[in-house]
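**Q** Structure file data_7.csv (CSV, C-alpha atoms and all ligand atoms) right here:
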chain,number,residue,atom,x,y,z
A,224,MET,CA,-25.4,21.7,-41.6
A,225,ARG,CA,-27.1,21.2,-38.3
A,226,ILE,CA,-24.8,20.4,-35.3
A,227,THR,CA,-25.5,19.1,-31.8
A,228,ARG,CA,-23.4,18.1,-28.9
A,229,LEU,CA,-23.2,15.5,-26.1
A,230,ALA,CA,-21.9,17.3,-23.1
A,231,PRO,CA,-21.2,15.1,-20.1
A,232,SER,CA,-19.8,16.7,-16.9
A,233,PRO,CA,-17.2,14.4,-15.3
A,234,THR,CA,-18.5,15.2,-11.8
A,235,GLY,CA,-20.0,11.7,-11.6
A,236,ALA,CA,-20.6,8.6,-13.6
A,237,LEU,CA,-23.2,8.3,-16.3
A,238,HIS,CA,-26.4,6.9,-14.8
A,239,LEU,CA,-29.6,5.6,-16.5
A,240,GLY,CA,-31.1,9.1,-16.5
A,241,ASN,CA,-28.2,10.8,-18.2
A,242,ALA,CA,-27.9,7.8,-20.6
A,243,ARG,CA,-31.6,8.3,-21.6
A,244,THR,CA,-31.0,12.0,-22.4
A,245,PHE,CA,-27.9,11.2,-24.4
A,246,LEU,CA,-29.7,8.5,-26.3
A,247,ILE,CA,-32.6,10.8,-27.2
A,248,ASN,CA,-30.1,13.5,-28.3
A,249,TRP,CA,-28.2,10.9,-30.4
A,250,LEU,CA,-31.3,9.4,-32.0
A,251,LEU,CA,-32.6,12.9,-33.0
A,252,ALA,CA,-29.2,13.6,-34.5
A,253,ARG,CA,-28.9,10.4,-36.4
A,254,GLN,CA,-32.5,10.6,-37.7
A,255,ASN,CA,-32.0,14.1,-38.9
A,256,GLY,CA,-28.4,14.0,-40.1
A,257,TRP,CA,-27.0,16.4,-37.5
A,258,ARG,CA,-23.3,16.3,-36.8
A,259,ILE,CA,-22.5,15.3,-33.2
A,260,ILE,CA,-19.7,16.8,-31.1
A,261,LEU,CA,-18.6,15.2,-27.8
A,262,ARG,CA,-17.7,17.9,-25.3
A,263,ILE,CA,-16.4,17.2,-21.8
A,264,GLU,CA,-17.6,19.9,-19.5
A,265,ASP,CA,-14.8,19.7,-17.0
A,266,LEU,CA,-14.5,23.2,-15.6
A,267,ASP,CA,-15.8,22.4,-12.2
A,268,GLY,CA,-12.4,21.4,-10.9
A,269,PRO,CA,-13.2,20.5,-7.3
A,270,ARG,CA,-16.2,18.4,-8.3
A,271,ASN,CA,-14.6,16.5,-11.2
A,272,LYS,CA,-14.0,12.8,-10.5
A,273,ARG,CA,-10.9,11.3,-11.7
A,274,GLY,CA,-11.5,8.9,-14.6
A,275,ALA,CA,-15.2,9.9,-14.9
A,276,ALA,CA,-14.8,11.4,-18.5
A,277,GLU,CA,-13.1,8.2,-19.7
A,278,LEU,CA,-15.7,6.0,-18.1
A,279,ALA,CA,-18.5,8.1,-19.7
A,280,ILE,CA,-16.9,7.7,-23.1
A,281,GLN,CA,-16.7,3.9,-22.6
A,282,ASP,CA,-20.3,3.7,-21.5
A,283,LEU,CA,-21.6,5.7,-24.5
A,284,GLN,CA,-19.5,3.5,-26.9
A,285,TRP,CA,-20.8,0.4,-25.2
A,286,LEU,CA,-24.4,1.5,-25.9
A,287,GLY,CA,-23.5,2.3,-29.5
A,288,ILE,CA,-23.8,6.1,-29.0
A,289,ASP,CA,-21.1,7.6,-31.2
A,290,TRP,CA,-20.0,11.1,-32.3
A,291,ASP,CA,-18.3,12.8,-35.3
A,292,GLU,CA,-15.9,15.1,-33.5
A,293,GLY,CA,-14.2,15.3,-30.1
A,294,PRO,CA,-13.9,14.7,-27.2
A,295,ILE,CA,-13.2,18.4,-26.8
A,296,ARG,CA,-12.4,19.3,-23.2
A,297,GLN,CA,-13.6,22.7,-21.9
A,298,SER,CA,-10.4,22.9,-19.8
A,299,SER,CA,-8.4,23.2,-23.0
A,300,ARG,CA,-10.4,26.3,-24.1
A,301,LEU,CA,-10.0,28.7,-21.1
A,302,ASP,CA,-8.6,31.5,-23.3
A,303,HIS,CA,-11.8,31.6,-25.3
A,304,TYR,CA,-13.9,32.0,-22.2
A,305,ARG,CA,-11.7,34.6,-20.7
A,306,ALA,CA,-11.8,36.7,-23.9
A,307,ALA,CA,-15.6,36.6,-23.7
A,308,VAL,CA,-15.7,37.7,-20.1
A,309,GLU,CA,-13.4,40.6,-20.9
A,310,LYS,CA,-15.6,41.6,-23.8
A,311,LEU,CA,-18.7,41.6,-21.6
A,312,LEU,CA,-17.0,43.6,-18.9
A,313,ARG,CA,-15.8,46.2,-21.4
A,314,SER,CA,-19.2,46.6,-22.9
A,315,GLY,CA,-20.8,47.0,-19.5
A,316,ALA,CA,-23.0,43.9,-19.9
A,317,ALA,CA,-21.2,42.3,-16.9
A,318,TYR,CA,-19.7,43.8,-13.8
A,319,PRO,CA,-17.3,42.8,-11.0
A,320,CYS,CA,-18.9,41.5,-7.8
A,321,VAL,CA,-17.3,41.0,-4.4
A,322,CYS,CA,-20.3,39.7,-2.5
A,323,THR,CA,-19.8,36.4,-0.7
A,324,ARG,CA,-22.4,33.8,-1.0
A,325,LYS,CA,-23.3,34.3,2.6
A,326,GLU,CA,-23.9,38.0,1.9
A,327,VAL,CA,-26.2,37.2,-1.0
A,328,ASP,CA,-28.2,34.7,1.0
A,329,ALA,CA,-28.4,37.1,3.9
A,330,ALA,CA,-29.6,40.1,1.9
A,331,ALA,CA,-33.0,40.9,3.5
A,332,SER,CA,-34.9,41.0,0.3
A,333,ALA,CA,-33.2,38.0,-1.3
A,334,PRO,CA,-36.0,36.0,-2.9
A,335,HIS,CA,-35.4,32.6,-4.3
A,336,ALA,CA,-35.3,31.3,-7.8
A,337,ASP,CA,-37.1,28.0,-8.7
A,338,ASP,CA,-33.9,26.1,-8.1
A,339,GLY,CA,-33.7,27.4,-4.5
A,340,ALA,CA,-30.7,29.7,-5.1
A,341,SER,CA,-30.9,33.2,-3.8
A,342,ILE,CA,-31.7,35.9,-6.4
A,343,TYR,CA,-28.8,38.3,-6.4
A,344,PRO,CA,-30.1,41.7,-5.2
A,345,GLY,CA,-27.7,43.7,-7.5
A,346,THR,CA,-25.5,45.0,-4.7
A,347,CYS,CA,-22.4,45.5,-6.8
A,348,ARG,CA,-24.1,46.6,-10.0
A,349,GLY,CA,-22.5,49.8,-11.3
A,350,LYS,CA,-20.3,50.0,-8.2
A,351,PHE,CA,-16.8,49.3,-9.6
A,352,LYS,CA,-15.0,50.4,-12.8
A,353,SER,CA,-12.8,47.3,-13.0
A,354,ARG,CA,-12.0,44.0,-11.2
A,355,GLU,CA,-8.9,45.7,-9.8
A,356,GLU,CA,-10.9,48.4,-8.3
A,357,ALA,CA,-13.3,45.9,-6.8
A,358,ARG,CA,-10.5,43.8,-5.4
A,359,ALA,CA,-8.8,46.8,-3.8
A,360,ALA,CA,-12.1,47.9,-2.2
A,361,ARG,CA,-12.8,44.5,-0.6
A,362,ALA,CA,-9.4,42.8,-0.5
A,363,ARG,CA,-10.8,39.8,-2.3
A,364,GLU,CA,-10.9,38.6,-5.9
A,365,ALA,CA,-14.0,39.7,-7.7
A,366,ALA,CA,-16.3,37.4,-9.5
A,367,VAL,CA,-18.1,38.6,-12.7
A,368,ARG,CA,-21.8,38.9,-12.9
A,369,PHE,CA,-24.1,39.4,-15.9
A,370,ASN,CA,-26.4,42.3,-15.6
A,371,THR,CA,-30.0,41.2,-16.2
A,372,GLN,CA,-31.7,44.5,-15.4
A,373,ASN,CA,-35.0,44.8,-17.3
A,374,ALA,CA,-34.2,41.6,-19.3
A,375,THR,CA,-36.9,39.4,-20.6
A,376,VAL,CA,-36.5,36.3,-22.8
A,377,ASP,CA,-39.0,34.4,-24.8
A,378,PHE,CA,-38.1,31.2,-26.6
A,379,ALA,CA,-40.0,28.2,-28.1
A,380,ASP,CA,-38.8,24.9,-26.7
A,381,THR,CA,-39.2,22.1,-29.2
A,382,PHE,CA,-40.5,19.8,-26.4
A,383,CYS,CA,-41.8,22.1,-23.7
A,384,GLY,CA,-43.4,24.8,-25.9
A,385,PRO,CA,-43.2,28.5,-25.5
A,386,ARG,CA,-41.5,30.0,-22.5
A,387,HIS,CA,-41.3,33.5,-21.1
A,388,PHE,CA,-38.8,34.6,-18.4
A,389,ASP,CA,-38.5,37.9,-16.6
A,390,VAL,CA,-34.9,37.2,-16.0
A,391,GLU,CA,-34.1,40.0,-13.6
A,392,HIS,CA,-36.9,39.0,-11.1
A,393,GLN,CA,-37.1,35.3,-11.7
A,394,LEU,CA,-33.4,34.5,-11.9
A,395,GLY,CA,-31.3,37.6,-11.2
A,396,ASP,CA,-27.8,38.6,-12.1
A,397,PHE,CA,-25.8,35.4,-12.6
A,398,VAL,CA,-22.1,34.6,-12.3
A,399,ILE,CA,-20.2,34.2,-15.5
A,400,ALA,CA,-16.7,33.9,-13.9
A,401,LYS,CA,-15.8,33.0,-10.4
A,402,GLY,CA,-13.4,34.9,-8.2
A,403,ASP,CA,-10.5,32.6,-9.2
A,404,ALA,CA,-11.3,33.4,-12.8
A,405,THR,CA,-12.8,30.0,-13.6
A,406,PRO,CA,-15.5,30.6,-16.2
A,407,ALA,CA,-19.0,29.5,-15.1
A,408,TYR,CA,-21.1,26.9,-16.9
A,409,GLN,CA,-23.5,29.5,-18.5
A,410,LEU,CA,-20.7,31.4,-20.1
A,411,ALA,CA,-18.6,28.4,-21.2
A,412,VAL,CA,-21.6,26.7,-22.9
A,413,VAL,CA,-22.5,29.7,-24.9
A,414,VAL,CA,-18.9,30.4,-26.1
A,415,ASP,CA,-18.5,26.7,-27.0
A,416,ASP,CA,-21.9,26.3,-28.7
A,417,ALA,CA,-21.3,29.5,-30.7
A,418,ASP,CA,-17.7,28.6,-31.7
A,419,MET,CA,-18.7,25.0,-32.6
A,420,ASN,CA,-21.7,26.2,-34.6
A,421,VAL,CA,-24.1,24.2,-32.5
A,422,THR,CA,-27.7,24.6,-33.9
A,423,ASP,CA,-29.5,22.1,-31.7
A,424,VAL,CA,-29.3,21.7,-27.9
A,425,VAL,CA,-31.0,18.7,-26.4
A,426,ARG,CA,-30.7,18.3,-22.6
A,427,GLY,CA,-32.5,17.6,-19.3
A,428,ASP,CA,-35.2,20.0,-18.2
A,429,ASP,CA,-33.4,20.7,-15.0
A,430,LEU,CA,-31.4,23.1,-17.3
A,431,ILE,CA,-34.4,25.0,-18.7
A,432,ASP,CA,-33.7,27.9,-16.4
A,433,SER,CA,-30.3,28.2,-17.9
A,434,THR,CA,-31.6,28.8,-21.3
A,435,PRO,CA,-32.8,32.4,-20.8
A,436,ARG,CA,-29.5,33.2,-19.2
A,437,GLN,CA,-27.7,31.7,-22.2
A,438,ILE,CA,-29.8,33.6,-24.6
A,439,LEU,CA,-28.9,36.8,-22.9
A,440,LEU,CA,-25.3,35.9,-23.3
A,441,TYR,CA,-25.8,35.3,-27.0
A,442,ARG,CA,-27.4,38.7,-27.3
A,443,ALA,CA,-24.7,40.5,-25.3
A,444,LEU,CA,-21.9,38.9,-27.3
A,445,GLY,CA,-23.5,39.9,-30.6
A,446,LEU,CA,-24.4,36.3,-31.5
A,447,VAL,CA,-28.2,36.6,-31.8
A,448,ASN,CA,-28.3,34.8,-35.1
A,449,ARG,CA,-26.5,31.8,-33.5
A,450,ILE,CA,-29.0,31.0,-30.8
A,451,PRO,CA,-29.7,27.3,-31.1
A,452,SER,CA,-33.0,25.5,-31.0
A,453,TYR,CA,-33.7,24.0,-27.6
A,454,THR,CA,-35.2,20.7,-26.6
A,455,HIS,CA,-35.5,20.1,-22.8
A,456,LEU,CA,-36.5,16.6,-21.8
A,457,PRO,CA,-38.2,15.5,-18.5
A,458,LEU,CA,-35.8,13.6,-16.3
A,459,VAL,CA,-35.7,10.2,-14.8
A,460,VAL,CA,-36.6,10.5,-11.1
A,461,GLY,CA,-36.6,8.2,-8.0
A,462,THR,CA,-39.8,7.2,-6.2
A,463,ASP,CA,-39.4,10.4,-4.1
A,464,GLY,CA,-39.8,12.5,-7.3
A,465,ARG,CA,-36.3,13.8,-7.1
A,466,ARG,CA,-33.9,13.4,-10.0
A,467,LEU,CA,-32.1,10.1,-10.1
A,468,ALA,CA,-29.0,10.2,-8.0
A,469,LYS,CA,-26.8,8.1,-5.8
A,470,ARG,CA,-29.2,8.2,-2.9
A,471,HIS,CA,-31.7,6.1,-4.9
A,472,GLY,CA,-29.1,3.3,-5.4
A,473,ASP,CA,-26.4,2.5,-7.9
A,474,THR,CA,-27.8,3.1,-11.4
A,475,ARG,CA,-24.5,3.8,-13.1
A,476,VAL,CA,-24.3,2.4,-16.6
A,477,SER,CA,-20.7,1.2,-15.8
A,478,THR,CA,-22.0,-0.9,-12.9
A,479,TYR,CA,-24.5,-2.8,-15.0
A,480,ARG,CA,-21.8,-3.2,-17.7
A,481,GLN,CA,-19.3,-4.6,-15.3
A,482,ALA,CA,-21.9,-6.9,-13.8
A,483,GLY,CA,-22.4,-8.5,-17.2
A,484,VAL,CA,-25.8,-7.0,-18.0
A,485,PRO,CA,-26.0,-6.9,-21.9
A,486,ALA,CA,-26.1,-3.4,-23.5
A,487,GLY,CA,-29.3,-4.5,-25.2
A,488,LYS,CA,-31.1,-4.8,-21.8
A,489,ILE,CA,-30.2,-1.3,-20.9
A,490,LEU,CA,-31.2,0.0,-24.3
A,491,ALA,CA,-34.5,-1.8,-24.1
A,492,LEU,CA,-35.3,-0.1,-20.8
A,493,LEU,CA,-34.2,3.3,-22.1
A,494,ALA,CA,-36.3,2.7,-25.3
A,495,LYS,CA,-39.3,2.0,-23.1
A,496,TRP,CA,-38.7,5.2,-21.3
A,497,CYS,CA,-38.7,6.9,-24.7
A,498,GLY,CA,-42.1,5.5,-25.6
A,499,ILE,CA,-40.7,2.9,-28.0
A,500,GLU,CA,-42.4,-0.5,-28.1
A,501,LEU,CA,-40.1,-3.3,-28.9
A,502,THR,CA,-40.7,-6.9,-29.8
A,503,ARG,CA,-37.1,-7.9,-29.0
A,504,ASP,CA,-34.1,-6.4,-27.3
A,505,PRO,CA,-32.0,-4.1,-29.5
A,506,GLU,CA,-28.2,-4.7,-29.9
A,507,LYS,CA,-27.1,-1.2,-30.3
A,508,ALA,CA,-28.5,2.3,-30.2
A,509,ALA,CA,-28.9,2.4,-34.0
A,510,ASP,CA,-31.5,-0.3,-33.8
A,511,LEU,CA,-33.9,2.2,-32.2
A,512,ALA,CA,-33.5,4.9,-34.8
A,513,GLU,CA,-36.4,3.8,-37.0
A,514,GLN,CA,-39.0,3.7,-34.3
A,515,PHE,CA,-37.9,6.7,-32.2
A,516,SER,CA,-40.1,9.8,-32.3
A,517,LEU,CA,-39.9,12.8,-30.1
A,518,ASP,CA,-43.7,12.9,-30.1
A,519,ARG,CA,-43.9,9.6,-28.3
A,520,VAL,CA,-41.4,10.6,-25.5
A,521,PRO,CA,-43.5,10.7,-22.2
A,522,ARG,CA,-44.3,14.3,-21.2
A,523,LYS,CA,-43.8,13.5,-17.5
A,524,PRO,CA,-40.7,12.4,-15.6
A,525,ILE,CA,-40.0,8.7,-15.7
A,526,VAL,CA,-40.1,7.2,-12.2
A,527,PHE,CA,-37.5,4.5,-11.6
A,528,ASP,CA,-37.1,2.4,-8.5
A,529,PRO,CA,-33.7,0.6,-8.7
A,530,ALA,CA,-34.7,-1.5,-5.7
A,531,GLY,CA,-37.8,-3.1,-7.1
A,532,GLY,CA,-40.4,-3.2,-9.9
A,533,ALA,CA,-40.4,-4.5,-13.4
A,534,ASP,CA,-37.9,-2.0,-14.7
A,535,ALA,CA,-35.3,-3.0,-12.1
A,536,ALA,CA,-36.0,-6.7,-12.7
A,537,ALA,CA,-35.3,-6.2,-16.4
A,538,LEU,CA,-31.8,-5.2,-15.6
A,539,GLN,CA,-30.9,-8.2,-13.4
A,540,SER,CA,-27.5,-9.5,-14.5
A,541,PRO,CA,-27.4,-13.0,-15.9
A,542,ALA,CA,-25.5,-14.1,-12.8
A,543,GLY,CA,-27.9,-12.7,-10.3
A,601,LIG,N1,-22.7,19.4,-18.8
A,601,LIG,C1,-24.1,19.6,-18.5
A,601,LIG,C2,-24.6,18.4,-17.7
A,601,LIG,O1,-24.0,17.3,-17.7
A,601,LIG,C3,-25.0,19.7,-19.7
A,601,LIG,C4,-24.9,21.0,-20.2
A,601,LIG,C5,-25.7,21.3,-21.4
A,601,LIG,O2,-26.2,20.4,-22.1
A,601,LIG,O3,-25.9,22.5,-21.7
A,601,LIG,O4,-25.6,18.5,-17.0
I need this file expressed as structure tokens, please.
**A**
Amino acid sequence: MRITRLAPSPTGALHLGNARTFLINWLLARQNGWRIILRIEDLDGPRNKRGAAELAIQDLQWLGIDWDEGPIRQSSRLDHYRAAVEKLLRSGAAYPCVCTRKEVDAAASAPHADDGASIYPGTCRGKFKSREEARAARAREAAVRFNTQNATVDFADTFCGPRHFDVEHQLGDFVIAKGDATPAYQLAVVVDDADMNVTDVVRGDDLIDSTPRQILLYRALGLVNRIPSYTHLPLVVGTDGRRLAKRHGDTRVSTYRQAGVPAGKILALLAKWCGIELTRDPEKAADLAEQFSLDRVPRKPIVFDPAGGADAAALQSPAG
């Protein structure tokens, strides 16, 4: 049995870009008979928006995107993540780190990863025996970092093709638990995907740099045979080439829904962005299942201008 997951983060509303990624994930699952789990990735407490998870669920249902299990909230699974962090600390795969972000940024040799974040220079690697020792040394709570020394990862992405990463030099040691013991995204995703027997991960290609980190976690947790197949999809971007966000205008699915735009109009636009040619508007996501093919999904990002152009005009509400 193959299993995938839809994993929205309630840090904001579902916009057309997220909706397209979820639609492709859903179409692949329904075409191939994969089971779908809905997982709410709500660990980023300060950035979570109240009601965003419920709204995302309504938006997905409105488009006819359904699931077989869940919603499962990551916030209800903290024990599992903490156990994994302890295991990695015990085995030496991870270590306590008391550096502040400022210190990491200021490190003279700190080069930058593709996403602009400083690459951690390994200052605390091998320095402390335990988090308690680290805390005592610096009078601050220690975060936990994964040791990427000499680590390289190769994987074959279903959409993007073969990838090679020299993780130590391209990405550096990454945080798996913050100082306040909140598990980081990379760790939580691997623990969940492994526990939930996820075989197929489909997501935006802004997360492709996360994949080598996640594969290293599978290895260190003794879960190599559970590493899923990865499909990273190009994003929807604004006319400035940056990924679709608030600054480009309001492209929230809920805004169109509340303005009376029919779900079929949204689906027709998303279908076009998936390379599907339609003769009439679909009513629900399932109407696209027959025509969808991953091979026809455009290889380049989709450029959307919410303020003008044919795509924006296609979403005008009946009233205006
Ligand atoms: N929750 C993540 C997001 O909304 C997706 C994580 C994943 O698919 O691994 O970007």
**Q** When you count only C-alpha atoms, which of these residues is closest to A:Gly532: A:Arg358, A:Thr462, A:Leu394, A:Arg386?
**A**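 Checking each of A:Arg358, A:Thr462, A:Leu394, A:Arg386 against A:Gly532, counting only C-alpha atoms, the winner is A:Thr462.
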**Q** Choose the residue, out of A:Asn271, A:Ser232, A:Ser298, A:Thr227, that has the smallest atom-to-atom separation from ligand LIG 601 (chain A); count all atoms listed in the file.
**A**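 The answer is A:Ser232, which sits nearest to ligand LIG 601 (chain A).
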**Q** Hey, which residues sit close to ligand LIG 601 (chain A)? Say within 9 Å, counting all atoms listed in the file, and write them as a PyMOL selection string.
**A** chain A and resi 228-234+241+262-265+408-409+412-413+416+424-427+429-430+433-434
**Q** What is the distance between atom CA of A:Val398 and atom CA of A:Gly293, in Å to one decimal?
**A**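 Between these atoms lies a distance of 27.4 Å.
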**Q** Just to confirm, what's the straight-line distance from atom CA of A:Ile247 to atom CA of A:Asp463 in Å (one decimal)?
**A**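 Computing it gives 24.1 Å between the two atoms.
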**Q** Find, counting all atoms listed in the file, the residue in A:Gln254, A:Ala535, A:Arg324, A:Leu266 that gets nearest to A:Glu513.
**A** A:Gln254
**Q** Please measure the separation of atom CA of A:Ala443 and atom CA of A:Ala307, giving the value in Å to one decimal.
**A**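 Computing the Euclidean distance for atom CA of A:Ala443 and atom CA of A:Ala307 yields 10.0 Å.
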**Q** For A:His471, please output as an NGL selection string all residues within 8 Å (counting all atoms listed in the file; exclusion window: fewer than 3 positions along the same chain).
**A** :A and (461 or 467-468 or 528-529)
